[in-house]
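Asks: Below is structure26.cif; it holds mmCIF, C-alpha atoms.
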data_model
loop_
_atom_site.group_PDB
_atom_site.id
_atom_site.type_symbol
_atom_site.label_atom_id
_atom_site.label_comp_id
_atom_site.auth_asym_id
_atom_site.auth_seq_id
_atom_site.Cartn_x
_atom_site.Cartn_y
_atom_site.Cartn_z
ATOM 1 C CA MET M 1 -12.347 -3.957 29.730
ATOM 2 C CA ALA M 2 -12.741 -0.877 27.532
ATOM 3 C CA ARG M 3 -15.636 -0.898 25.106
ATOM 4 C CA ILE M 4 -14.459 -1.631 21.572
ATOM 5 C CA PRO M 5 -15.265 0.861 18.798
ATOM 6 C CA LYS M 6 -17.695 0.021 16.030
ATOM 7 C CA LEU M 7 -15.038 0.556 13.375
ATOM 8 C CA THR M 8 -11.257 0.672 13.359
ATOM 9 C CA THR M 9 -8.480 0.875 10.795
ATOM 10 C CA THR M 10 -6.683 -2.107 9.342
ATOM 11 C CA LEU M 11 -3.401 -1.038 10.944
ATOM 12 C CA ALA M 12 -5.055 -0.730 14.369
ATOM 13 C CA TYR M 13 -6.928 -4.053 14.007
ATOM 14 C CA ASP M 14 -3.811 -5.939 15.094
ATOM 15 C CA ARG M 15 -4.250 -4.818 18.721
ATOM 16 C CA TYR M 16 -7.518 -6.774 19.014
ATOM 17 C CA MET M 17 -6.009 -10.092 17.891
ATOM 18 C CA ALA M 18 -5.264 -12.855 20.401
ATOM 19 C CA GLY M 19 -2.439 -14.672 18.615
ATOM 20 C CA GLN M 20 1.293 -14.141 18.165
ATOM 21 C CA ASN M 21 2.112 -12.311 14.948
ATOM 22 C CA LEU M 22 4.098 -14.514 12.558
ATOM 23 C CA VAL M 23 4.128 -12.598 9.258
ATOM 24 C CA SER M 24 3.144 -9.042 8.392
ATOM 25 C CA SER M 25 3.213 -7.056 5.162
ATOM 26 C CA VAL M 26 2.921 -3.711 6.967
ATOM 27 C CA ASP M 27 6.569 -2.800 6.338
ATOM 28 C CA ARG M 28 6.560 -4.018 2.717
ATOM 29 C CA PRO M 29 6.118 -1.464 -0.111
ATOM 30 C CA TRP M 30 2.753 -2.983 -1.054
ATOM 31 C CA ARG M 31 -0.338 -1.040 -1.992
ATOM 32 C CA HIS M 32 -4.038 -1.593 -1.285
ATOM 33 C CA LEU M 33 -3.621 -4.521 1.107
ATOM 34 C CA VAL M 34 -2.332 -5.639 4.470
ATOM 35 C CA LEU M 35 -1.647 -9.301 5.188
ATOM 36 C CA ARG M 36 -0.857 -10.751 8.607
ATOM 37 C CA SER M 37 -0.664 -14.275 9.978
ATOM 38 C CA TYR M 38 -0.902 -15.374 13.617
ATOM 39 C CA LEU M 39 -0.084 -18.387 15.755
ATOM 40 C CA GLU M 40 -3.369 -18.683 17.622
ATOM 41 C CA PRO M 41 -4.090 -20.042 21.117
ATOM 42 C CA ASN M 42 -5.551 -23.547 21.030
ATOM 43 C CA GLU M 43 -8.636 -22.263 22.811
ATOM 44 C CA GLN M 44 -10.129 -18.784 23.047
ATOM 45 C CA GLU M 45 -13.156 -18.193 25.277
ATOM 46 C CA LEU M 46 -14.068 -14.804 23.837
ATOM 47 C CA LEU M 47 -12.459 -12.304 21.498
ATOM 48 C CA GLU M 48 -14.286 -9.103 20.649
ATOM 49 C CA ALA M 49 -13.179 -7.140 17.587
ATOM 50 C CA PRO M 50 -14.487 -3.972 15.919
ATOM 51 C CA GLY M 51 -15.605 -3.769 12.330
ATOM 52 C CA LEU M 52 -13.384 -2.829 9.404
ATOM 53 C CA GLN M 53 -14.224 -0.852 6.276
ATOM 54 C CA ASP M 54 -11.589 -2.760 4.305
ATOM 55 C CA LEU M 55 -12.646 -6.134 2.896
ATOM 56 C CA THR M 56 -11.238 -8.819 5.189
ATOM 57 C CA LEU M 57 -10.760 -12.489 4.336
ATOM 58 C CA MET M 58 -9.348 -15.116 6.665
ATOM 59 C CA THR M 59 -8.126 -18.664 6.227
ATOM 60 C CA LEU M 60 -6.072 -21.261 8.075
ATOM 61 C CA ALA M 61 -2.385 -21.714 7.329
ATOM 62 C CA SER M 62 -2.221 -24.803 9.562
ATOM 63 C CA GLY M 63 -4.346 -26.819 11.942
ATOM 64 C CA ALA M 64 -8.130 -26.967 12.230
ATOM 65 C CA GLU M 65 -10.620 -25.333 14.566
ATOM 66 C CA HIS M 66 -14.195 -25.221 15.723
ATOM 67 C CA LEU M 67 -14.980 -21.517 15.275
ATOM 68 C CA GLU M 68 -18.007 -19.649 16.588
ATOM 69 C CA ARG M 69 -18.986 -16.057 15.863
ATOM 70 C CA ASN M 70 -21.669 -13.795 17.247
ATOM 71 C CA LEU M 71 -22.993 -11.559 14.498
ATOM 72 C CA ASN M 72 -25.939 -9.266 15.254
ATOM 73 C CA GLY M 73 -26.698 -11.100 18.493
ATOM 74 C CA ARG M 74 -26.768 -14.615 17.027
ATOM 75 C CA TRP M 75 -24.098 -17.273 17.520
ATOM 76 C CA GLU M 76 -23.198 -19.549 14.607
ATOM 77 C CA SER M 77 -20.408 -22.050 14.224
ATOM 78 C CA ALA M 78 -18.420 -24.128 11.745
ATOM 79 C CA ASP M 79 -15.488 -26.522 11.714
ATOM 80 C CA LEU M 80 -12.722 -24.950 9.620
ATOM 81 C CA ARG M 81 -9.742 -26.585 7.985
ATOM 82 C CA VAL M 82 -6.931 -25.513 5.674
ATOM 83 C CA GLY M 83 -8.520 -24.466 2.379
ATOM 84 C CA ASP M 84 -11.670 -23.028 3.965
ATOM 85 C CA VAL M 85 -12.121 -19.251 3.713
ATOM 86 C CA TRP M 86 -14.270 -16.958 5.796
ATOM 87 C CA PHE M 87 -15.311 -13.358 5.352
ATOM 88 C CA VAL M 88 -15.266 -10.807 8.163
ATOM 89 C CA PRO M 89 -18.275 -8.458 7.836
ATOM 90 C CA PRO M 90 -17.585 -4.734 8.508
ATOM 91 C CA VAL M 91 -19.321 -4.736 11.920
ATOM 92 C CA PRO M 92 -18.208 -5.618 15.468
ATOM 93 C CA ILE M 93 -18.042 -9.397 16.000
ATOM 94 C CA SER M 94 -17.417 -11.677 18.968
ATOM 95 C CA TRP M 95 -15.386 -14.829 18.310
ATOM 96 C CA ARG M 96 -14.543 -17.979 20.240
ATOM 97 C CA TRP M 97 -12.779 -21.130 19.122
ATOM 98 C CA ARG M 98 -10.947 -24.312 20.040
ATOM 99 C CA SER M 99 -8.420 -26.342 18.091
ATOM 100 C CA ILE M 100 -9.601 -29.702 16.707
ATOM 101 C CA SER M 101 -6.200 -30.749 15.382
ATOM 102 C CA ASP M 102 -2.821 -31.767 16.805
ATOM 103 C CA GLU M 103 -1.121 -29.266 14.482
ATOM 104 C CA PRO M 104 -0.390 -25.668 15.550
ATOM 105 C CA LEU M 105 -3.335 -23.387 14.829
ATOM 106 C CA SER M 106 -2.367 -20.461 12.599
ATOM 107 C CA THR M 107 -4.516 -18.031 10.645
ATOM 108 C CA VAL M 108 -3.988 -15.686 7.702
ATOM 109 C CA HIS M 109 -5.811 -12.334 7.575
ATOM 110 C CA LEU M 110 -5.994 -10.396 4.290
ATOM 111 C CA HIS M 111 -7.367 -6.838 4.243
ATOM 112 C CA ILE M 112 -8.128 -5.290 0.821
ATOM 113 C CA GLU M 113 -8.809 -1.561 0.528
ATOM 114 C CA ARG M 114 -12.337 -0.692 -0.565
ATOM 115 C CA SER M 115 -10.921 1.848 -3.020
ATOM 116 C CA LEU M 116 -9.241 -0.978 -4.958
ATOM 117 C CA ILE M 117 -12.457 -2.995 -5.055
ATOM 118 C CA ASP M 118 -14.338 0.024 -6.405
ATOM 119 C CA ASN M 119 -11.602 0.647 -8.980
ATOM 120 C CA VAL M 120 -11.531 -2.953 -10.228
ATOM 121 C CA ALA M 121 -15.346 -3.048 -10.365
ATOM 122 C CA GLU M 122 -15.292 0.067 -12.545
ATOM 123 C CA GLN M 123 -12.653 -1.463 -14.822
ATOM 124 C CA MET M 124 -14.799 -4.604 -15.138
ATOM 125 C CA GLU M 125 -17.737 -2.353 -16.059
ATOM 126 C CA LEU M 126 -20.018 -3.713 -13.338
ATOM 127 C CA ASN M 127 -23.205 -1.747 -12.871
ATOM 128 C CA GLY M 128 -25.467 -1.524 -9.850
ATOM 129 C CA SER M 129 -24.144 -2.564 -6.441
ATOM 130 C CA HIS M 130 -20.853 -4.434 -6.337
ATOM 131 C CA GLU M 131 -20.966 -5.271 -2.653
ATOM 132 C CA LEU M 132 -19.570 -8.745 -2.109
ATOM 133 C CA SER M 133 -22.192 -11.164 -0.800
ATOM 134 C CA LEU M 134 -19.842 -13.226 1.357
ATOM 135 C CA GLY M 135 -21.267 -12.550 4.811
ATOM 136 C CA ASP M 136 -24.315 -14.828 4.649
ATOM 137 C CA ALA M 137 -22.333 -18.039 5.221
ATOM 138 C CA MET M 138 -19.989 -18.799 8.089
ATOM 139 C CA ARG M 139 -17.450 -20.098 5.574
ATOM 140 C CA PHE M 140 -17.092 -20.669 1.857
ATOM 141 C CA GLN M 141 -14.906 -22.935 -0.218
ATOM 142 C CA ASP M 142 -13.209 -21.580 -3.318
ATOM 143 C CA PRO M 143 -9.927 -23.302 -4.231
ATOM 144 C CA LEU M 144 -8.742 -20.340 -6.305
ATOM 145 C CA VAL M 145 -9.303 -17.838 -3.482
ATOM 146 C CA ALA M 146 -7.572 -20.194 -1.034
ATOM 147 C CA ALA M 147 -4.616 -20.623 -3.398
ATOM 148 C CA MET M 148 -4.252 -16.849 -3.891
ATOM 149 C CA LEU M 149 -4.383 -16.236 -0.144
ATOM 150 C CA ALA M 150 -1.663 -18.860 0.319
ATOM 151 C CA ALA M 151 0.457 -17.252 -2.420
ATOM 152 C CA LEU M 152 0.117 -13.788 -0.847
ATOM 153 C CA HIS M 153 1.020 -15.267 2.541
ATOM 154 C CA ARG M 154 4.186 -16.805 1.067
ATOM 155 C CA ALA M 155 5.029 -13.504 -0.618
ATOM 156 C CA ALA M 156 4.690 -11.603 2.662
ATOM 157 C CA ALA M 157 7.244 -13.948 4.215
ATOM 158 C CA ASP M 158 9.687 -13.819 1.280
ATOM 159 C CA PRO M 159 11.570 -10.559 0.664
ATOM 160 C CA ALA M 160 12.460 -11.830 -2.815
ATOM 161 C CA ASP M 161 8.855 -11.583 -4.041
ATOM 162 C CA SER M 162 8.319 -8.300 -5.853
ATOM 163 C CA ARG M 163 5.636 -5.664 -5.597
ATOM 164 C CA LEU M 164 4.587 -6.267 -9.205
ATOM 165 C CA TYR M 165 3.971 -9.959 -8.441
ATOM 166 C CA VAL M 166 1.837 -9.082 -5.409
ATOM 167 C CA ASP M 167 0.016 -6.368 -7.356
ATOM 168 C CA THR M 168 -0.876 -8.895 -10.067
ATOM 169 C CA LEU M 169 -2.119 -11.444 -7.528
ATOM 170 C CA LEU M 170 -4.194 -8.879 -5.673
ATOM 171 C CA HIS M 171 -5.897 -7.530 -8.800
ATOM 172 C CA ALA M 172 -6.675 -11.070 -9.972
ATOM 173 C CA LEU M 173 -8.111 -12.017 -6.575
ATOM 174 C CA THR M 174 -10.252 -8.867 -6.430
ATOM 175 C CA ALA M 175 -11.538 -9.416 -9.971
ATOM 176 C CA HIS M 176 -12.363 -13.054 -9.140
ATOM 177 C CA LEU M 177 -14.312 -12.035 -6.026
ATOM 178 C CA LEU M 178 -16.267 -9.428 -7.978
ATOM 179 C CA GLN M 179 -16.910 -11.798 -10.866
ATOM 180 C CA HIS M 180 -18.351 -14.546 -8.678
ATOM 181 C CA TYR M 181 -19.580 -12.991 -5.434
ATOM 182 C CA ALA M 182 -20.829 -9.474 -6.238
ATOM 183 C CA ARG M 183 -24.459 -8.475 -5.817
ATOM 184 C CA GLY M 184 -25.977 -6.746 -8.818
ATOM 185 C CA ARG M 185 -23.233 -8.052 -11.129
ATOM 186 C CA GLY M 186 -23.633 -7.178 -14.779
ATOM 187 C CA ALA M 187 -22.004 -5.460 -17.724
ATOM 188 C CA SER M 188 -22.709 -1.810 -18.465
ATOM 189 C CA THR M 189 -22.402 0.105 -21.690
ATOM 190 C CA GLY M 190 -19.005 1.491 -20.795
ATOM 191 C CA LEU M 191 -16.134 2.144 -23.153
ATOM 192 C CA PRO M 192 -15.867 -0.595 -25.784
ATOM 193 C CA VAL M 193 -12.988 -3.031 -25.793
ATOM 194 C CA PRO M 194 -10.484 -1.910 -28.426
ATOM 195 C CA PRO M 195 -10.598 -3.734 -31.766
ATOM 196 C CA GLU M 196 -8.340 -6.790 -31.805
ATOM 197 C CA ARG M 197 -6.188 -5.313 -34.577
ATOM 198 C CA LEU M 198 -5.159 -2.503 -32.198
ATOM 199 C CA VAL M 199 -4.144 -4.795 -29.325
ATOM 200 C CA PRO M 200 -0.672 -5.857 -30.608
ATOM 201 C CA ARG M 201 0.262 -2.210 -31.178
ATOM 202 C CA ARG M 202 -0.801 -1.318 -27.640
ATOM 203 C CA ILE M 203 1.155 -4.206 -26.132
ATOM 204 C CA ARG M 204 4.252 -3.211 -28.144
ATOM 205 C CA ARG M 205 3.888 0.269 -26.685
ATOM 206 C CA VAL M 206 3.926 -1.282 -23.198
ATOM 207 C CA THR M 207 6.915 -3.542 -23.858
ATOM 208 C CA ASP M 208 8.849 -0.551 -25.231
ATOM 209 C CA TYR M 209 7.882 1.403 -22.110
ATOM 210 C CA ILE M 210 9.079 -1.444 -19.863
ATOM 211 C CA ARG M 211 12.442 -1.636 -21.638
ATOM 212 C CA ALA M 212 12.938 2.108 -21.210
ATOM 213 C CA ASN M 213 11.900 2.118 -17.546
ATOM 214 C CA LEU M 214 13.253 -1.085 -16.010
ATOM 215 C CA VAL M 215 14.412 0.783 -12.920
ATOM 216 C CA GLY M 216 10.881 2.113 -12.293
ATOM 217 C CA ASP M 217 8.052 0.647 -10.230
ATOM 218 C CA LEU M 218 6.110 -0.748 -13.248
ATOM 219 C CA ALA M 219 2.878 -1.507 -11.394
ATOM 220 C CA ILE M 220 0.065 -3.228 -13.290
ATOM 221 C CA SER M 221 -2.085 -0.087 -13.116
ATOM 222 C CA GLU M 222 0.703 2.017 -14.648
ATOM 223 C CA LEU M 223 1.333 -0.453 -17.476
ATOM 224 C CA ALA M 224 -2.404 -0.671 -18.175
ATOM 225 C CA VAL M 225 -2.525 3.105 -18.587
ATOM 226 C CA GLN M 226 0.239 2.869 -21.202
ATOM 227 C CA ALA M 227 -1.876 0.326 -23.087
ATOM 228 C CA GLY M 228 -5.108 2.306 -22.708
ATOM 229 C CA LEU M 229 -6.787 -0.716 -21.113
ATOM 230 C CA SER M 230 -8.258 -1.565 -17.732
ATOM 231 C CA SER M 231 -5.866 -3.401 -15.391
ATOM 232 C CA PHE M 232 -8.052 -6.515 -15.529
ATOM 233 C CA HIS M 233 -8.261 -6.605 -19.343
ATOM 234 C CA PHE M 234 -4.610 -5.619 -19.756
ATOM 235 C CA ALA M 235 -3.259 -8.560 -17.726
ATOM 236 C CA ARG M 236 -5.188 -11.072 -19.834
ATOM 237 C CA VAL M 237 -4.310 -9.436 -23.159
ATOM 238 C CA PHE M 238 -0.630 -9.066 -22.269
ATOM 239 C CA ARG M 239 -0.280 -12.759 -21.496
ATOM 240 C CA ARG M 240 -2.111 -13.720 -24.658
ATOM 241 C CA GLU M 241 0.148 -11.524 -26.815
ATOM 242 C CA THR M 242 3.519 -12.240 -25.142
ATOM 243 C CA GLY M 243 3.099 -15.675 -23.574
ATOM 244 C CA GLU M 244 4.133 -14.207 -20.200
ATOM 245 C CA THR M 245 2.448 -12.353 -17.378
ATOM 246 C CA PRO M 246 3.567 -8.732 -16.934
ATOM 247 C CA HIS M 247 5.525 -9.795 -13.838
ATOM 248 C CA GLN M 248 7.337 -12.585 -15.726
ATOM 249 C CA PHE M 249 8.124 -10.285 -18.638
ATOM 250 C CA VAL M 250 9.528 -7.511 -16.428
ATOM 251 C CA THR M 251 11.598 -9.934 -14.368
ATOM 252 C CA ARG M 252 13.052 -11.602 -17.482
ATOM 253 C CA LEU M 253 14.092 -8.266 -19.015
ATOM 254 C CA ARG M 254 15.634 -7.109 -15.745
ATOM 255 C CA LEU M 255 17.652 -10.316 -15.458
ATOM 256 C CA GLU M 256 18.775 -10.129 -19.087
ATOM 257 C CA GLU M 257 20.025 -6.569 -18.592
ATOM 258 C CA ALA M 258 21.688 -7.580 -15.314
ATOM 259 C CA ALA M 259 23.463 -10.449 -17.056
ATOM 260 C CA ARG M 260 24.735 -8.035 -19.719
ATOM 261 C CA LEU M 261 26.033 -5.642 -17.054
ATOM 262 C CA LEU M 262 27.732 -8.478 -15.187
ATOM 263 C CA ARG M 263 29.580 -9.435 -18.370
ATOM 264 C CA ALA M 264 30.375 -5.960 -19.654
ATOM 265 C CA THR M 265 31.042 -3.830 -16.544
ATOM 266 C CA ASP M 266 32.841 -3.884 -13.197
ATOM 267 C CA GLN M 267 29.809 -2.613 -11.278
ATOM 268 C CA THR M 268 29.071 -4.307 -7.971
ATOM 269 C CA VAL M 269 26.150 -6.691 -7.600
ATOM 270 C CA LEU M 270 24.295 -4.055 -5.575
ATOM 271 C CA GLN M 271 24.874 -1.375 -8.209
ATOM 272 C CA ILE M 272 23.582 -3.679 -10.934
ATOM 273 C CA ALA M 273 20.584 -4.756 -8.836
ATOM 274 C CA LEU M 274 19.516 -1.156 -8.331
ATOM 275 C CA ALA M 275 20.275 -0.235 -11.937
ATOM 276 C CA VAL M 276 17.817 -2.797 -13.286
ATOM 277 C CA GLY M 277 15.027 -2.143 -10.806
ATOM 278 C CA PHE M 278 15.461 -4.609 -7.948
ATOM 279 C CA GLU M 279 14.890 -3.398 -4.396
ATOM 280 C CA ASN M 280 18.149 -4.789 -2.991
ATOM 281 C CA ALA M 281 21.030 -7.150 -3.726
ATOM 282 C CA SER M 282 19.447 -10.058 -1.830
ATOM 283 C CA HIS M 283 16.219 -9.922 -3.828
ATOM 284 C CA PHE M 284 18.221 -9.614 -7.049
ATOM 285 C CA SER M 285 20.501 -12.565 -6.213
ATOM 286 C CA VAL M 286 17.562 -14.849 -5.460
ATOM 287 C CA GLN M 287 15.801 -13.954 -8.701
ATOM 288 C CA PHE M 288 18.995 -14.223 -10.738
ATOM 289 C CA LYS M 289 19.737 -17.705 -9.426
ATOM 290 C CA ARG M 290 16.172 -18.759 -10.223
ATOM 291 C CA GLY M 291 16.605 -17.531 -13.787
ATOM 292 C CA TYR M 292 20.211 -18.509 -14.545
ATOM 293 C CA GLY M 293 20.925 -21.321 -12.103
ATOM 294 C CA VAL M 294 23.914 -19.550 -10.510
ATOM 295 C CA THR M 295 24.508 -16.492 -8.340
ATOM 296 C CA PRO M 296 25.413 -13.187 -10.016
ATOM 297 C CA LEU M 297 29.050 -13.498 -8.823
ATOM 298 C CA ALA M 298 29.341 -17.057 -10.121
ATOM 299 C CA TYR M 299 27.893 -15.922 -13.456
ATOM 300 C CA ARG M 300 30.453 -13.123 -13.698
ATOM 301 C CA LEU M 301 33.342 -15.443 -12.833
ATOM 302 C CA ARG M 302 32.169 -17.973 -15.386
ATOM 303 C CA GLY M 303 32.630 -15.202 -17.950
#
Go ahead and render the structure in this file as structure tokens.
Replies:
Amino acid sequence: MARIPKLTTTLAYDRYMAGQNLVSSVDRPWRHLVLRSYLEPNEQELLEAPGLQDLTLMTLASGAEHLERNLNGRWESADLRVGDVWFVPPVPISWRWRSISDEPLSTVHLHIERSLIDNVAEQMELNGSHELSLGDAMRFQDPLVAAMLAALHRAAADPADSRLYVDTLLHALTAHLLQHYARGRGASTGLPVPPERLVPRRIRRVTDYIRANLVGDLAISELAVQAGLSSFHFARVFRRETGETPHQFVTRLRLEEAARLLRATDQTVLQIALAVGFENASHFSVQFKRGYGVTPLAYRLRG
């Protein structure tokens, strides 16, 4: 067997996995992350994998297992169940496991680019080191992290879930990890938060920008720039001021404009979907039915 490298890329990491790939985000237009899930063998005697520079979290989508890992020449083990999370340190690791459940054993692997972690840490004005101290324990339990991993896994399997939704989830997850698991966490004397009297004006500027650019990408980072706020602060302020997350607000405006076009024009469903910023007619139809209770064609026929 060829000697494994000390480090590899996230895209190449797949070749070292033992299971059958179930879901992958590689072909989705997502930024700063890769998510994959695998149907794992019930028992694995030894799996050797190189390290990754990207932050890697894993969890179980189904089943339970007795997992052992050899890190720096020392074996350690834990029984893992759905809801448990474990961190993969950026060094070569040997793994072995066996199922301890009658359910199929499937895992979810989330890789987050280090550049995003650095960017979010800067926006949160963290000084000192912001390395995440997750590698000391074989596993950790954090219901919010587990729920976000599950939501990203569902999004990777559902073409109707938008890039803005995933972008929001990913930034929130990264901020949560930094807030609770970073070494050297603390606030610096960075740029002050804008006075509260200026916030409504900044959010109005963003909502005007969204209305004028519905067909655009409208990523959280881009909207935050329009507001002159960090992505982390912007998401919280936007919801406070509008009662909706940026993703909910954008989706609602796109559906409202689509409904107007369905009533007032003879454009096809695909033409309308693209005109209001959806990736394709299928994604648009799913979102429209969620919002209006009927398909776009049924809405048009209803008049």
Asks: If you apply the PyMOL selection byres ((chain M and resi 278-283) around 9) to this file, what residues do you get, as a list of chain:residue names?
Replies: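 That selection, the PyMOL selection byres ((chain M and resi 278-283) around 9), comes back as M:Pro159, M:Ala160, M:Asp161, M:Ser162, M:Val215, M:Arg254, M:Val269, M:Leu270, M:Gln271, M:Ile272, M:Ala273, M:Leu274, M:Ala275, M:Val276, M:Gly277, M:Phe284, M:Ser285, M:Val286, M:Gln287, M:Phe288.
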Asks: Determine the nearest neighbour of Ser37 of chain M from the options M:Leu71, M:Ala157, M:Leu262, M:Ile220, counting all atoms listed in the file.
Replies: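 Of the candidates, the smallest distance to Ser37 of chain M is held by M:Ala157.
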Asks: Looking at M:Leu218, M:Met138, M:Leu33, M:Val88, which one is nearest to Arg74 of chain M, with distances taken over only C-alpha atoms?
Replies: M:Met138
Asks: I'd like the interatomic distance between atom CA of Ile117 of chain M and atom CA of Glu76 of chain M, to a tenth of an Å.
Replies: 27.9 Å
Asks: Considering only C-alpha atoms, state which residue in the set M:Ala212, M:His233, M:Ala224, M:His66 is at the smallest distance from Leu253 of chain M.
Replies: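 Nearest to Leu253 of chain M: M:Ala212.
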Asks: Just the number, please: distance in Å from atom CA of Ala259 of chain M to atom CA of Pro29 of chain M, one decimal.
Replies: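 Answer for the atom CA of Ala259 of chain M to atom CA of Pro29 of chain M separation: 25.9 Å.
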Asks: Ranking M:Ser24, M:Thr174, M:Thr9, M:Ser106 by minimum distance to Gly51 of chain M and counting all atoms listed in the file, which one comes first?
Replies: M:Thr9
Asks: Using all atoms listed in the file for the distances, tell me which of M:Gly73, M:Ala258, M:Gly303, M:His176 is nearest to Lys289 of chain M.
Replies: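 Under the stated criterion, the closest residue is M:Ala258.
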Asks: Do you know which residues lie at most 10 Å from (-9.8, -14.4, -7.7), with coordinates as in the file and all atoms listed in the file counted, and could you write them as a list of chain:residue names?
Replies: M:Asp142, M:Pro143, M:Leu144, M:Val145, M:Ala146, M:Ala147, M:Met148, M:Leu149, M:Leu169, M:Leu170, M:His171, M:Ala172, M:Leu173, M:Thr174, M:Ala175, M:His176, M:Leu177, M:Leu178, M:Gln179, M:His180
